[in-house]
>>> print(open('entry.cif').read())   # mmCIF, C-alpha atoms and all ligand atoms
data_my_file
loop_
_atom_site.label_atom_id
_atom_site.label_comp_id
_atom_site.auth_asym_id
_atom_site.auth_seq_id
_atom_site.Cartn_x
_atom_site.Cartn_y
_atom_site.Cartn_z
CA MET A 1 0.00 0.00 0.00
CA GLU A 2 1.55 3.24 -1.16
CA SER A 3 -0.70 5.89 0.33
CA PHE A 4 -3.09 6.59 3.20
CA LYS A 5 -5.65 7.71 0.59
CA GLU A 6 -6.26 4.09 -0.40
CA LEU A 7 -7.71 3.43 3.05
CA ASN A 8 -10.78 5.68 2.73
CA LEU A 9 -10.21 7.23 6.11
CA SER A 10 -12.61 9.85 7.46
CA ALA A 11 -11.82 13.42 6.37
CA PRO A 12 -10.77 14.71 9.85
CA LEU A 13 -8.35 11.81 10.37
CA MET A 14 -6.89 12.25 6.87
CA LYS A 15 -6.37 15.94 7.65
CA SER A 16 -4.46 15.09 10.86
CA ILE A 17 -2.26 12.59 9.02
CA GLU A 18 -1.45 15.23 6.42
CA GLU A 19 -0.71 17.77 9.12
CA LEU A 20 1.62 15.29 10.85
CA GLY A 21 3.45 14.95 7.53
CA TYR A 22 3.10 11.17 7.22
CA GLU A 23 3.51 10.62 3.51
CA LYS A 24 3.01 6.91 3.28
CA PRO A 25 2.20 4.10 5.69
CA SER A 26 5.15 2.41 7.41
CA PRO A 27 5.46 -1.38 6.86
CA ILE A 28 3.50 -2.26 10.03
CA GLN A 29 0.82 0.29 9.12
CA ALA A 30 0.58 -1.01 5.55
CA GLN A 31 -0.09 -4.49 6.91
CA ALA A 32 -2.20 -3.70 9.96
CA LEU A 33 -4.44 -0.85 8.79
CA PRO A 34 -6.42 -2.73 6.11
CA ILE A 35 -7.17 -5.48 8.67
CA LEU A 36 -8.02 -3.25 11.63
CA LEU A 37 -10.14 -0.87 9.54
CA GLY A 38 -12.04 -3.83 8.11
CA GLU A 39 -14.29 -6.27 9.93
CA ALA A 40 -14.05 -6.34 13.72
CA THR A 41 -11.31 -8.75 14.78
CA ASP A 42 -8.81 -9.47 17.50
CA PHE A 43 -5.26 -8.81 16.39
CA ILE A 44 -1.59 -9.45 17.10
CA GLY A 45 1.02 -7.04 15.72
CA LEU A 46 4.67 -7.89 16.20
CA ALA A 47 6.51 -4.60 15.92
CA ALA A 48 8.88 -2.56 18.04
CA THR A 49 9.10 1.11 18.95
CA GLY A 50 10.04 3.22 15.98
CA THR A 51 8.06 1.23 13.43
CA GLY A 52 4.99 3.46 13.55
CA LYS A 53 3.00 0.95 15.60
CA THR A 54 1.22 3.65 17.64
CA ALA A 55 -0.43 5.10 14.56
CA ALA A 56 -1.05 1.56 13.26
CA TYR A 57 -3.49 1.00 16.11
CA SER A 58 -4.54 4.59 16.85
CA ILE A 59 -5.88 5.31 13.36
CA PRO A 60 -8.37 2.40 13.29
CA MET A 61 -9.13 2.87 17.01
CA LEU A 62 -10.08 6.52 16.36
CA GLU A 63 -12.33 5.51 13.46
CA ARG A 64 -14.31 3.40 15.94
CA ILE A 65 -14.88 6.20 18.45
CA ASP A 66 -18.19 7.97 18.80
CA PRO A 67 -17.08 11.47 19.91
CA LYS A 68 -20.58 12.23 21.22
CA SER A 69 -20.50 9.42 23.77
CA LYS A 70 -18.74 10.10 27.05
CA LYS A 71 -18.17 6.43 27.80
CA VAL A 72 -14.71 4.86 27.72
CA GLN A 73 -14.64 3.22 24.30
CA ALA A 74 -10.92 2.51 23.91
CA LEU A 75 -8.33 1.58 26.50
CA ILE A 76 -4.61 1.41 25.74
CA LEU A 77 -2.31 -0.30 28.22
CA CYS A 78 1.34 0.73 28.26
CA PRO A 79 4.25 -0.51 30.39
CA THR A 80 5.58 2.93 31.41
CA ARG A 81 4.29 6.43 32.09
CA GLU A 82 6.60 7.77 29.39
CA LEU A 83 5.05 5.54 26.78
CA ALA A 84 1.55 6.34 28.08
CA LEU A 85 2.25 10.05 27.70
CA GLN A 86 3.73 9.63 24.25
CA VAL A 87 0.82 7.55 23.07
CA THR A 88 -1.60 10.11 24.52
CA GLY A 89 0.24 12.85 22.64
CA GLN A 90 0.11 10.97 19.37
CA ILE A 91 -3.58 10.12 19.71
CA ASN A 92 -4.34 13.75 20.46
CA LEU A 93 -2.54 14.82 17.29
CA LEU A 94 -4.30 12.18 15.20
CA GLY A 95 -7.67 12.93 16.83
CA LYS A 96 -7.26 16.70 16.57
CA PHE A 97 -9.86 17.23 13.85
CA SER A 98 -12.16 14.40 14.94
CA GLY A 99 -12.66 16.06 18.33
CA VAL A 100 -11.27 13.07 20.24
CA LYS A 101 -8.81 13.43 23.10
CA ALA A 102 -7.10 10.76 25.14
CA LEU A 103 -6.88 10.79 28.93
CA PRO A 104 -3.60 9.54 30.43
CA ILE A 105 -3.88 7.58 33.69
CA TYR A 106 -0.68 6.47 35.36
CA GLY A 107 0.83 5.89 38.77
CA GLY A 108 2.89 8.53 40.52
CA SER A 109 0.46 11.34 39.77
CA GLY A 110 -2.63 12.47 41.70
CA TYR A 111 -5.98 10.64 41.61
CA ARG A 112 -8.10 13.79 41.68
CA ASP A 113 -7.44 14.98 38.12
CA GLN A 114 -7.73 11.44 36.81
CA ILE A 115 -11.11 10.93 38.50
CA ASP A 116 -12.33 14.31 37.25
CA GLY A 117 -11.14 13.45 33.74
CA LEU A 118 -12.96 10.12 33.80
CA ARG A 119 -16.13 11.66 35.20
CA HIS A 120 -16.06 14.43 32.62
CA GLY A 121 -16.06 11.80 29.86
CA ALA A 122 -13.05 10.12 28.32
CA PRO A 123 -13.66 8.11 25.13
CA VAL A 124 -9.99 7.07 24.98
CA VAL A 125 -7.96 6.20 28.07
CA VAL A 126 -4.23 5.46 27.95
CA GLY A 127 -2.62 4.12 31.08
CA THR A 128 -0.28 1.91 33.02
CA PRO A 129 -1.78 -1.33 34.38
CA GLY A 130 -1.37 -0.73 38.13
CA ARG A 131 -3.19 2.58 38.27
CA LEU A 132 -5.88 1.41 35.85
CA ILE A 133 -6.67 -1.49 38.18
CA ASP A 134 -7.00 0.97 41.07
CA HIS A 135 -9.60 2.94 39.13
CA ILE A 136 -11.47 -0.18 38.07
CA GLU A 137 -11.60 -1.31 41.69
CA LYS A 138 -12.68 2.11 42.93
CA GLY A 139 -15.45 2.07 40.35
CA THR A 140 -14.13 5.25 38.70
CA LEU A 141 -13.25 3.44 35.45
CA ASP A 142 -16.01 1.47 33.79
CA LEU A 143 -15.10 -0.82 30.91
CA GLY A 144 -18.69 -1.80 30.06
CA ASP A 145 -18.73 0.08 26.73
CA LEU A 146 -15.20 -0.74 25.64
CA LYS A 147 -14.91 -1.42 21.92
CA THR A 148 -11.14 -1.65 21.64
CA LEU A 149 -8.61 -2.78 24.22
CA ILE A 150 -5.02 -2.33 23.06
CA LEU A 151 -1.94 -3.81 24.71
CA ASP A 152 1.12 -1.82 23.69
CA GLU A 153 4.51 -3.47 24.29
CA ALA A 154 2.84 -6.53 25.82
CA ASP A 155 6.19 -8.30 26.25
CA GLU A 156 7.52 -5.39 28.25
CA MET A 157 4.44 -5.18 30.47
CA ILE A 158 4.89 -8.83 31.34
CA SER A 159 8.61 -8.56 31.97
CA MET A 160 7.95 -5.57 34.23
CA GLY A 161 5.77 -7.79 36.38
CA PHE A 162 2.29 -6.63 35.27
CA ARG A 163 1.08 -10.14 34.48
CA ASP A 164 -1.62 -10.22 37.20
CA GLU A 165 -2.82 -6.72 36.36
CA LEU A 166 -3.09 -7.67 32.68
CA ASP A 167 -5.11 -10.75 33.58
CA ALA A 168 -7.40 -8.68 35.79
CA ILE A 169 -8.02 -6.02 33.12
CA LEU A 170 -8.37 -8.43 30.22
CA SER A 171 -10.88 -10.56 32.09
CA LYS A 172 -13.04 -7.45 32.71
CA ALA A 173 -13.16 -6.37 29.05
CA PRO A 174 -16.56 -7.05 27.47
CA ASP A 175 -16.72 -9.95 24.99
CA SER A 176 -18.31 -7.66 22.40
CA GLY A 177 -15.10 -5.62 22.01
CA ASN A 178 -11.80 -6.45 20.33
CA ILE A 179 -8.33 -6.88 21.75
CA TRP A 180 -5.33 -5.71 19.72
CA LEU A 181 -2.03 -6.89 21.10
CA PHE A 182 1.23 -5.24 20.05
CA SER A 183 4.57 -6.62 21.12
CA ALA A 184 8.18 -6.47 19.94
CA THR A 185 8.59 -10.17 20.64
CA MET A 186 6.32 -13.19 20.91
CA SER A 187 7.56 -14.71 24.18
CA ASN A 188 5.82 -17.66 25.82
CA ASP A 189 4.09 -15.30 28.24
CA VAL A 190 2.78 -13.12 25.43
CA ARG A 191 1.60 -16.23 23.62
CA ARG A 192 -0.25 -17.34 26.77
CA VAL A 193 -2.03 -13.96 27.04
CA ALA A 194 -2.96 -14.14 23.37
CA ASP A 195 -4.19 -17.74 23.65
CA THR A 196 -6.25 -16.97 26.76
CA TYR A 197 -7.94 -13.73 25.79
CA LEU A 198 -7.85 -13.26 22.02
CA THR A 199 -10.32 -14.91 19.67
CA LYS A 200 -9.00 -16.00 16.26
CA PRO A 201 -6.62 -13.04 16.06
CA ALA A 202 -5.27 -11.82 12.73
CA GLN A 203 -1.51 -11.55 12.98
CA VAL A 204 1.07 -9.41 11.23
CA GLN A 205 4.76 -9.00 11.77
CA VAL A 206 7.31 -6.59 10.43
CA ASN A 207 10.59 -8.20 9.60
CA ARG A 208 13.42 -7.09 11.75
CA THR A 209 15.29 -5.99 8.66
CA GLU A 210 12.37 -3.79 7.66
CA MET A 211 12.55 -2.20 11.07
CA LEU A 212 16.14 -1.15 10.55
CA SER A 213 16.57 2.02 8.63
CA GLN A 214 18.74 1.83 5.53
CA THR A 215 20.55 4.98 6.59
CA VAL A 216 21.86 3.66 9.90
CA GLU A 217 25.54 2.87 9.90
CA GLN A 218 26.34 -0.02 12.23
CA ILE A 219 29.83 0.05 13.69
CA TYR A 220 31.59 -1.72 16.52
CA TYR A 221 34.77 -1.08 18.47
CA PHE A 222 36.63 -3.96 19.98
CA THR A 223 37.75 -2.93 23.44
CA LYS A 224 38.47 -3.82 27.04
CA GLU A 225 35.74 -3.06 29.57
CA SER A 226 37.94 -0.56 31.41
CA ASN A 227 38.50 1.56 28.28
CA LYS A 228 34.83 2.08 27.56
CA PRO A 229 34.22 5.40 29.39
CA GLU A 230 37.17 7.01 27.61
CA ILE A 231 36.00 5.72 24.22
CA ILE A 232 32.56 7.20 24.85
CA CYS A 233 34.16 10.63 25.40
CA LYS A 234 36.13 10.32 22.17
CA LEU A 235 33.03 9.32 20.23
CA ILE A 236 31.11 12.31 21.53
CA ASP A 237 34.07 14.60 20.82
CA VAL A 238 34.59 13.57 17.22
CA ALA A 239 30.89 13.54 16.30
CA GLU A 240 29.64 16.41 14.20
CA ASP A 241 26.80 17.34 16.52
CA PHE A 242 26.30 14.53 18.99
CA TYR A 243 22.71 13.97 20.13
CA GLY A 244 22.60 10.44 21.36
CA ILE A 245 21.50 7.70 23.69
CA ILE A 246 23.91 5.32 25.43
CA PHE A 247 22.48 2.00 26.60
CA CYS A 248 23.95 0.21 29.61
CA GLN A 249 22.95 -3.16 31.04
CA THR A 250 22.54 -2.09 34.66
CA LYS A 251 21.43 0.87 36.70
CA ALA A 252 24.85 0.98 38.39
CA LEU A 253 26.61 1.31 35.03
CA VAL A 254 24.16 4.02 34.01
CA THR A 255 24.85 6.13 37.10
CA ASP A 256 28.63 5.54 37.01
CA LEU A 257 28.90 6.55 33.36
CA THR A 258 26.64 9.57 33.85
CA ASP A 259 28.73 10.80 36.79
CA TYR A 260 31.92 10.23 34.79
CA LEU A 261 30.66 12.23 31.81
CA ILE A 262 29.22 15.08 33.88
CA ASP A 263 32.51 15.26 35.74
CA LYS A 264 34.31 15.66 32.41
CA GLY A 265 32.01 18.53 31.46
CA TYR A 266 29.60 16.73 29.11
CA LYS A 267 25.93 17.66 29.08
CA ALA A 268 24.74 14.23 30.22
CA ASP A 269 21.80 12.87 32.17
CA CYS A 270 20.27 9.47 32.77
CA LEU A 271 17.08 7.43 32.98
CA HIS A 272 16.76 4.29 35.05
CA GLY A 273 14.06 2.44 36.94
CA ASP A 274 14.71 4.05 40.31
CA LYS A 275 14.12 7.63 39.23
CA ASP A 276 10.84 9.12 40.35
CA GLN A 277 8.32 10.45 37.89
CA ARG A 278 9.21 14.13 38.21
CA SER A 279 12.89 13.60 37.81
CA ARG A 280 12.32 11.36 34.75
CA GLU A 281 10.14 14.02 33.18
CA ARG A 282 12.75 16.67 33.90
CA THR A 283 15.44 14.54 32.25
CA MET A 284 13.27 13.87 29.20
CA GLN A 285 12.51 17.56 28.83
CA SER A 286 16.18 18.57 29.02
CA PHE A 287 17.03 15.94 26.43
CA ARG A 288 14.22 17.08 24.15
CA ASP A 289 15.20 20.74 24.38
CA ARG A 290 18.86 19.70 24.05
CA THR A 291 20.19 21.26 27.24
CA VAL A 292 21.35 17.66 27.61
CA ASN A 293 22.74 15.96 24.49
CA VAL A 294 23.89 12.67 26.00
CA LEU A 295 21.23 10.43 27.55
CA ILE A 296 22.36 7.29 29.34
CA CYS A 297 19.75 4.65 30.13
CA THR A 298 18.80 1.06 30.70
CA ASP A 299 16.58 -0.73 28.18
CA VAL A 300 13.52 -0.69 30.39
CA ALA A 301 13.82 2.99 31.28
CA SER A 302 14.06 3.84 27.61
CA ARG A 303 10.97 1.94 26.51
CA GLY A 304 8.75 4.08 24.38
CA LEU A 305 11.34 6.83 24.28
CA ASP A 306 10.57 8.61 21.07
CA VAL A 307 12.88 11.49 20.36
CA LYS A 308 13.51 12.80 16.89
CA ASP A 309 16.85 13.42 15.18
CA ILE A 310 18.97 11.10 17.33
CA THR A 311 22.42 11.01 15.70
CA HIS A 312 23.96 8.15 17.72
CA VAL A 313 22.79 5.11 19.60
CA ILE A 314 25.65 3.57 21.54
CA ASN A 315 25.55 0.12 23.05
CA TYR A 316 27.90 0.39 26.02
CA SER A 317 27.70 -3.35 25.83
CA LEU A 318 25.71 -5.55 23.49
CA PRO A 319 22.28 -6.43 24.85
CA ARG A 320 21.81 -10.04 25.95
CA GLU A 321 18.31 -10.02 24.48
CA LEU A 322 19.01 -9.81 20.78
CA ASP A 323 15.71 -8.12 20.01
CA SER A 324 16.78 -5.23 22.21
CA TYR A 325 19.52 -4.46 19.70
CA VAL A 326 16.95 -3.71 17.01
CA HIS A 327 14.82 -1.88 19.53
CA ARG A 328 17.71 0.30 20.62
CA ILE A 329 19.13 1.22 17.27
CA GLY A 330 15.71 1.76 15.71
CA ARG A 331 15.81 5.09 17.49
CA THR A 332 18.36 6.62 15.17
CA ALA A 333 18.30 7.29 11.44
CA ARG A 334 14.58 7.99 11.34
CA SER A 335 12.93 9.49 8.27
CA GLY A 336 15.88 8.90 5.97
CA GLN A 337 18.38 10.83 8.10
CA LYS A 338 21.84 9.43 8.69
CA GLY A 339 22.48 7.80 12.06
CA TYR A 340 25.12 5.74 13.80
CA ALA A 341 24.61 2.61 15.84
CA ILE A 342 27.84 1.97 17.71
CA SER A 343 28.58 -1.03 19.89
CA LEU A 344 31.47 -1.42 22.31
CA VAL A 345 32.35 -5.10 22.18
CA THR A 346 34.60 -7.03 24.56
CA ALA A 347 36.17 -10.40 23.74
CA SER A 348 33.50 -12.32 25.62
CA HIS A 349 30.71 -10.73 23.54
CA LYS A 350 32.15 -11.27 20.08
CA GLY A 351 29.92 -14.26 19.50
CA LEU A 352 26.83 -12.13 20.08
CA LEU A 353 27.90 -9.87 17.26
CA THR A 354 27.63 -12.62 14.66
CA ARG A 355 24.21 -13.59 15.99
CA ILE A 356 23.03 -9.99 15.75
CA GLU A 357 24.32 -9.73 12.19
CA ARG A 358 22.40 -12.87 11.30
CA LEU A 359 19.26 -11.65 13.05
CA THR A 360 19.28 -8.23 11.43
CA LYS A 361 20.60 -9.50 8.09
CA SER A 362 23.10 -6.68 8.11
CA ARG A 363 26.82 -6.11 8.52
CA ILE A 364 28.33 -4.47 11.56
CA ILE A 365 31.69 -3.03 10.60
CA GLU A 366 34.68 -2.92 12.93
CA ALA A 367 36.13 0.57 13.23
CA MET A 368 39.21 2.08 14.83
CA VAL A 369 38.65 4.01 18.03
CA PRO A 370 39.28 7.70 17.27
CA SER A 371 42.81 8.65 18.30
CA ARG A 372 43.69 11.52 20.59
CA ARG A 373 44.88 13.33 17.49
CA ASP A 374 41.45 12.85 15.82
CA VAL A 375 39.76 14.28 18.89
CA GLY A 376 42.19 17.21 18.99
CA GLN A 377 41.69 18.03 15.33
CA LYS A 378 37.95 17.93 15.76
CA ARG A 379 38.07 20.28 18.72
CA VAL A 380 40.37 22.67 16.88
CA SER A 381 38.05 22.69 13.89
CA GLN A 382 35.07 23.42 16.17
CA LEU A 383 37.08 26.21 17.74
CA LEU A 384 37.94 27.58 14.31
CA THR A 385 34.26 27.64 13.37
CA LYS A 386 33.50 29.69 16.47
CA PHE A 387 36.57 31.85 15.82
CA LEU A 388 35.43 32.69 12.30
CA ALA A 389 31.89 33.37 13.46
CA GLN A 390 33.18 35.96 15.93
CA THR A 391 31.69 39.38 15.20
CA SER A 392 32.29 41.49 18.31
CA HIS A 393 36.12 41.40 18.23
CA LEU A 394 36.43 45.09 17.29
CA LYS A 395 35.72 45.95 20.90
CA ALA A 396 38.75 43.87 21.92
CA ILE A 397 41.01 45.75 19.51
CA GLU A 398 40.19 48.96 21.37
CA LEU A 399 41.67 47.42 24.50
CA MET A 400 44.99 46.57 22.89
CA ASN A 401 47.94 48.88 23.11
CA ASP A 402 51.14 49.16 21.09
CA GLU A 403 53.24 47.56 23.75
CA TRP A 404 51.20 44.36 23.66
CA LEU A 405 51.13 44.34 19.92
CA SER A 406 54.89 44.75 19.73
CA GLN A 407 55.21 41.50 21.72
CA ILE A 408 53.42 39.47 19.10
CA SER A 409 54.06 41.40 15.91
CA ASP A 410 57.05 39.23 15.00
CA MET A 411 55.36 36.01 15.94
CA PRO A 412 54.34 33.75 13.02
CA PRO A 413 50.53 33.45 12.75
CA GLU A 414 50.62 29.68 13.36
CA GLU A 415 52.35 30.26 16.67
CA ILE A 416 49.74 32.84 17.69
CA ALA A 417 47.00 30.37 16.72
CA ALA A 418 48.70 27.50 18.53
CA ARG A 419 49.06 29.51 21.71
CA PHE A 420 45.39 30.49 21.62
CA ILE A 421 44.31 26.93 20.92
CA THR A 422 46.29 25.74 23.94
CA LEU A 423 44.70 28.44 26.02
CA CYS A 424 41.20 27.49 24.87
CA MET A 425 41.56 23.74 25.40
CA PRO A 426 43.92 23.46 28.36
CA ASP A 427 42.54 20.04 29.38
CA PHE A 428 43.66 18.63 26.06
CA PHE A 429 47.29 19.56 26.46
CA ASP A 430 47.80 19.18 30.17
CA PHE A 431 49.80 16.00 29.88
CA ALA A 432 53.59 15.67 30.08
P1 LIG B 1 6.16 4.49 17.04
O1 LIG B 1 6.77 3.25 16.46
O2 LIG B 1 4.70 4.41 17.12
O3 LIG B 1 6.82 4.84 18.35
O4 LIG B 1 6.42 5.72 16.03
C1 LIG B 1 7.67 6.23 15.77
C2 LIG B 1 7.62 7.62 15.13
O5 LIG B 1 7.26 7.51 13.75
C3 LIG B 1 6.65 8.61 15.75
O6 LIG B 1 7.35 9.83 15.95
C4 LIG B 1 5.58 8.82 14.71
O7 LIG B 1 5.08 10.12 14.74
C5 LIG B 1 6.30 8.52 13.42
N1 LIG B 1 5.43 7.94 12.37
C6 LIG B 1 4.44 7.05 12.53
N2 LIG B 1 3.89 6.73 11.34
C7 LIG B 1 4.56 7.43 10.38
C8 LIG B 1 4.46 7.51 8.96
N3 LIG B 1 3.59 6.81 8.27
N4 LIG B 1 5.31 8.35 8.34
C9 LIG B 1 6.24 9.06 9.05
N5 LIG B 1 6.39 9.02 10.39
C10 LIG B 1 5.55 8.21 11.06
#
>>> encode(input="entry.cif", output="structure tokens")
Amino acid sequence: MESFKELNLSAPLMKSIEELGYEKPSPIQAQALPILLGEATDFIGLAATGTGKTAAYSIPMLERIDPKSKKVQALILCPTRELALQVTGQINLLGKFSGVKALPIYGGSGYRDQIDGLRHGAPVVVGTPGRLIDHIEKGTLDLGDLKTLILDEADEMISMGFRDELDAILSKAPDSGNIWLFSATMSNDVRRVADTYLTKPAQVQVNRTEMLSQTVEQIYYFTKESNKPEIICKLIDVAEDFYGIIFCQTKALVTDLTDYLIDKGYKADCLHGDKDQRSRERTMQSFRDRTVNVLICTDVASRGLDVKDITHVINYSLPRELDSYVHRIGRTARSGQKGYAISLVTASHKGLLTRIERLTKSRIIEAMVPSRRDVGQKRVSQLLTKFLAQTSHLKAIELMNDEWLSQISDMPPEEIAARFITLCMPDFFDFA
């Protein structure tokens, strides 16, 4: 399917899609939309973040909503608050001209607004399982009129320990509605949920290779564990305009690396499971507005993270779960832009590399770690750019006097430049 026009969508929805600038359906949308817009059915979509899965279910979900009814007609379950907020945002953009808004309901924020929102009338609710159960039990969320129940990142919800909550919510959904399950992977637990609650589901899957952008360059550096922090600094230094995410296996590694980079003067921050809601939101905001350009996180904390124009995804170590590799690097090189997926690989992980290449049907090229000289040249060239862009230097000339000038007038220009460079990047030259 080449265009959204072929789908005969309602005029308001088509207008939103045009306004969002979606030119043609992504592979998961091309497969899922004709099914979900057709006869009512349960559904399984195997697709990860970055594939356009949110729109793949939100478009047909919105077409089923009666904006005049105040009843909850669609419920979307997400593993994290971040994903719930992102999904809410996307539904609100897609529903802009249809007059449909989504209500986010997640733990860590007050009940009052959520109860008011539900009472006021919320056709679409997006939430995390724990808090949704609370509302169902309090009687503030009624699923009696639900037409569509969507599980987003079902595998992640289960691995985060929401299995009982999922069972409780799924068993309360009316039989007359449909369940659409989206997951990056089809684990045994996801299969069990599907077998228990879905009726003759249609199933589509995007190939992992389709999920990987053609413009992502996959590179690895072979290194010792102890050299990794220093390599990260070099990679940030030599990048044109680094705006990237670094994935670590554990929370301890995340905090250690973040402290190390902040200490070295980088604009870094982190996301991990132990951060409270407000501090996570603050971090996300600083990363979005680029006051922070290096975000260090664990896989779980980064779920649903959807930030545009990421230049680099760095695997501090290769993920043990191979699917996570695709998940991680799917965040760069969006919309045809160039992006780098860089992995730091130790001897014990070399075998994983071959498996990832096989899984993604792509080549990961070994590269040489940038040398100190490379880093130096890059910093000098950045300095030169700033130097040439300087426009207020005439004021400085007024301060100079002949005596000063006489001290440098015989000095060759390269020596003057070299002295200033040393002055501007003292940390680079302060070695014996
Ligand atoms: P998702 O996989 O749902 O997290 O979506 C990833 C990103 O792709 C989001 O920023 C969407 O706005 C964007 N997106 C979704 N569908 C399309 C499309 N057909 N064309 C361009 N961008 C899209």
>>> atom_distance(input="entry.cif", atom1="CA of Tyr197 in chain A", atom2="CA of Leu143 in chain A")
15.6 Å
>>> closest_residue(input="entry.cif", among="A:Asp276, A:Glu414, A:Asp164, A:Asp309", to="ligand LIG 1 (chain B)", atoms="only C-alpha atoms and all ligand atoms")
A:Asp309
>>> residues_near_point(input="entry.cif", point="(-12.0, 9.2, 5.8)", cutoff="12 Å", atoms="only C-alpha atoms", output="JSON, numbers by chain")
{"A": [4, 5, 6, 7, 8, 9, 10, 11, 12, 13, 14, 15, 16, 17, 37, 59, 60, 62, 63, 64, 97, 98]}
>>> residues_near_ligand(input="entry.cif", ligand="ligand LIG 1 (chain B)", cutoff="8 Å", atoms="only C-alpha atoms and all ligand atoms", output="list in words")
Leu20, Gly21, Tyr22, Glu23, Lys24, Pro25, Ser26, Gln29, Ala47, Ala48, Thr49, Gly50, Thr51, Gly52, Lys53, Thr54, Ala55, Ala56, Val87, Gln90, Gly304, Leu305, Asp306, Val307, Lys308, Arg334 and Ser335 of chain A
>>> residues_around(input="entry.cif", residues="Leu295 in chain A", least_positions_apart="5", cutoff="6 Å", atoms="all atoms listed in the file", output="PyMOL selection string")
chain A and resi 245+268-270
>>> closest_residue(input="entry.cif", among="A:Asp237, A:Asp256, A:Asp289, A:Asp155", to="Lys378 in chain A", atoms="only C-alpha atoms")
A:Asp237
>>> atom_distance(input="entry.cif", atom1="CA of Tyr243 in chain A", atom2="CA of Val294 in chain A")
6.1 Å
>>> axis_aligned_box(input="entry.cif", around="range 351-360 of chain A", padding_each_side="3 Å", output="AutoDock Vina command-line options")
--center_x 24.6 --center_y -11.2 --center_z 15.7 --size_x 16.7 --size_y 12.0 --size_z 14.8
>>> closest_atom_pairs(input="entry.cif", of="range 110-205 of chain A", to="range 75-86 of chain A", cutoff="12 Å", atoms="all atoms listed in the file", output="tab-separated table")
residue	atom	partner	partner_atom	distance
A:Ala122	CA	A:Leu75	CA	9.9
A:Pro123	CA	A:Leu75	CA	8.5
A:Val124	CA	A:Leu75	CA	5.9
A:Val125	CA	A:Leu75	CA	4.9
A:Val126	CA	A:Ile76	CA	4.6
A:Gly127	CA	A:Leu77	CA	5.3
A:Thr128	CA	A:Cys78	CA	5.2
A:Pro129	CA	A:Leu77	CA	6.3
A:Gly130	CA	A:Pro79	CA	9.6
A:Arg131	CA	A:Arg81	CA	10.4
A:Leu132	CA	A:Leu77	CA	8.6
A:Ile133	CA	A:Leu77	CA	10.9
A:Leu141	CA	A:Leu75	CA	10.4
A:Asp142	CA	A:Leu75	CA	10.6
A:Leu143	CA	A:Leu75	CA	8.4
A:Gly144	CA	A:Leu75	CA	11.5
A:Asp145	CA	A:Leu75	CA	10.5
A:Leu146	CA	A:Leu75	CA	7.3
A:Lys147	CA	A:Leu75	CA	8.6
A:Thr148	CA	A:Leu75	CA	6.5
A:Leu149	CA	A:Leu75	CA	4.9
A:Ile150	CA	A:Ile76	CA	4.6
A:Leu151	CA	A:Leu77	CA	5.0
A:Asp152	CA	A:Cys78	CA	5.2
A:Glu153	CA	A:Cys78	CA	6.6
A:Ala154	CA	A:Pro79	CA	7.7
A:Asp155	CA	A:Pro79	CA	9.0
A:Glu156	CA	A:Pro79	CA	6.3
A:Met157	CA	A:Pro79	CA	4.7
A:Ile158	CA	A:Pro79	CA	8.4
A:Ser159	CA	A:Pro79	CA	9.3
A:Met160	CA	A:Pro79	CA	7.4
A:Gly161	CA	A:Pro79	CA	9.5
A:Phe162	CA	A:Pro79	CA	8.1
A:Arg163	CA	A:Pro79	CA	10.9
A:Glu165	CA	A:Leu77	CA	10.4
A:Leu166	CA	A:Leu77	CA	8.6
A:Ile169	CA	A:Leu77	CA	9.5
A:Leu170	CA	A:Leu77	CA	10.3
A:Lys172	CA	A:Leu75	CA	11.9
A:Ala173	CA	A:Leu75	CA	9.6
A:Pro174	CA	A:Leu75	CA	12.0
A:Gly177	CA	A:Leu75	CA	10.9
A:Asn178	CA	A:Leu75	CA	10.7
A:Ile179	CA	A:Leu75	CA	9.7
A:Trp180	CA	A:Ile76	CA	9.4
A:Leu181	CA	A:Leu77	CA	9.7
A:Phe182	CA	A:Cys78	CA	10.2
A:Ser183	CA	A:Cys78	CA	10.7
>>> atom_distance(input="entry.cif", atom1="CA of Ile310 in chain A", atom2="CA of Ala333 in chain A")
7.0 Å
>>> closest_atom_pairs(input="entry.cif", of="range 336-399 of chain A", to="range 325-329 of chain A", cutoff="10 Å", atoms="all atoms listed in the file", output="tab-separated table")
residue	atom	partner	partner_atom	distance
A:Gly339	CA	A:Ile329	CA	9.0
A:Tyr340	CA	A:Ile329	CA	8.3
A:Ala341	CA	A:Ile329	CA	5.8
A:Ile342	CA	A:Ile329	CA	8.8
A:Ser343	CA	A:Tyr325	CA	9.7
A:Ile356	CA	A:Tyr325	CA	7.6
A:Leu359	CA	A:Val326	CA	9.2
A:Thr360	CA	A:Val326	CA	7.5
>>> closest_residue(input="entry.cif", among="A:Leu271, A:Val375, A:Ile365, A:Leu198", to="Ala252 in chain A", atoms="all atoms listed in the file")
A:Leu271
>>> closest_residue(input="entry.cif", among="A:Asn293, A:Gln31, A:Gln337, A:Ser187", to="Gln205 in chain A", atoms="all atoms listed in the file")
A:Gln31
>>> closest_residue(input="entry.cif", among="A:Gln73, A:Met61, A:Lys267, A:Ser317", to="Ser176 in chain A", atoms="all atoms listed in the file")
A:Gln73
>>> decode(input="entry.cif", residues="range 407-414 of chain A", atoms="C-alpha atoms", output="mmCIF file, in the first residue's frame")
data_model
loop_
_atom_site.group_PDB
_atom_site.id
_atom_site.type_symbol
_atom_site.label_atom_id
_atom_site.label_comp_id
_atom_site.auth_asym_id
_atom_site.auth_seq_id
_atom_site.Cartn_x
_atom_site.Cartn_y
_atom_site.Cartn_z
ATOM 1 C CA GLN A 407 55.209 41.498 21.715
ATOM 2 C CA ILE A 408 53.420 39.474 19.095
ATOM 3 C CA SER A 409 54.059 41.403 15.914
ATOM 4 C CA ASP A 410 57.050 39.231 15.000
ATOM 5 C CA MET A 411 55.359 36.008 15.939
ATOM 6 C CA PRO A 412 54.338 33.749 13.023
ATOM 7 C CA PRO A 413 50.529 33.450 12.746
ATOM 8 C CA GLU A 414 50.618 29.681 13.357
#
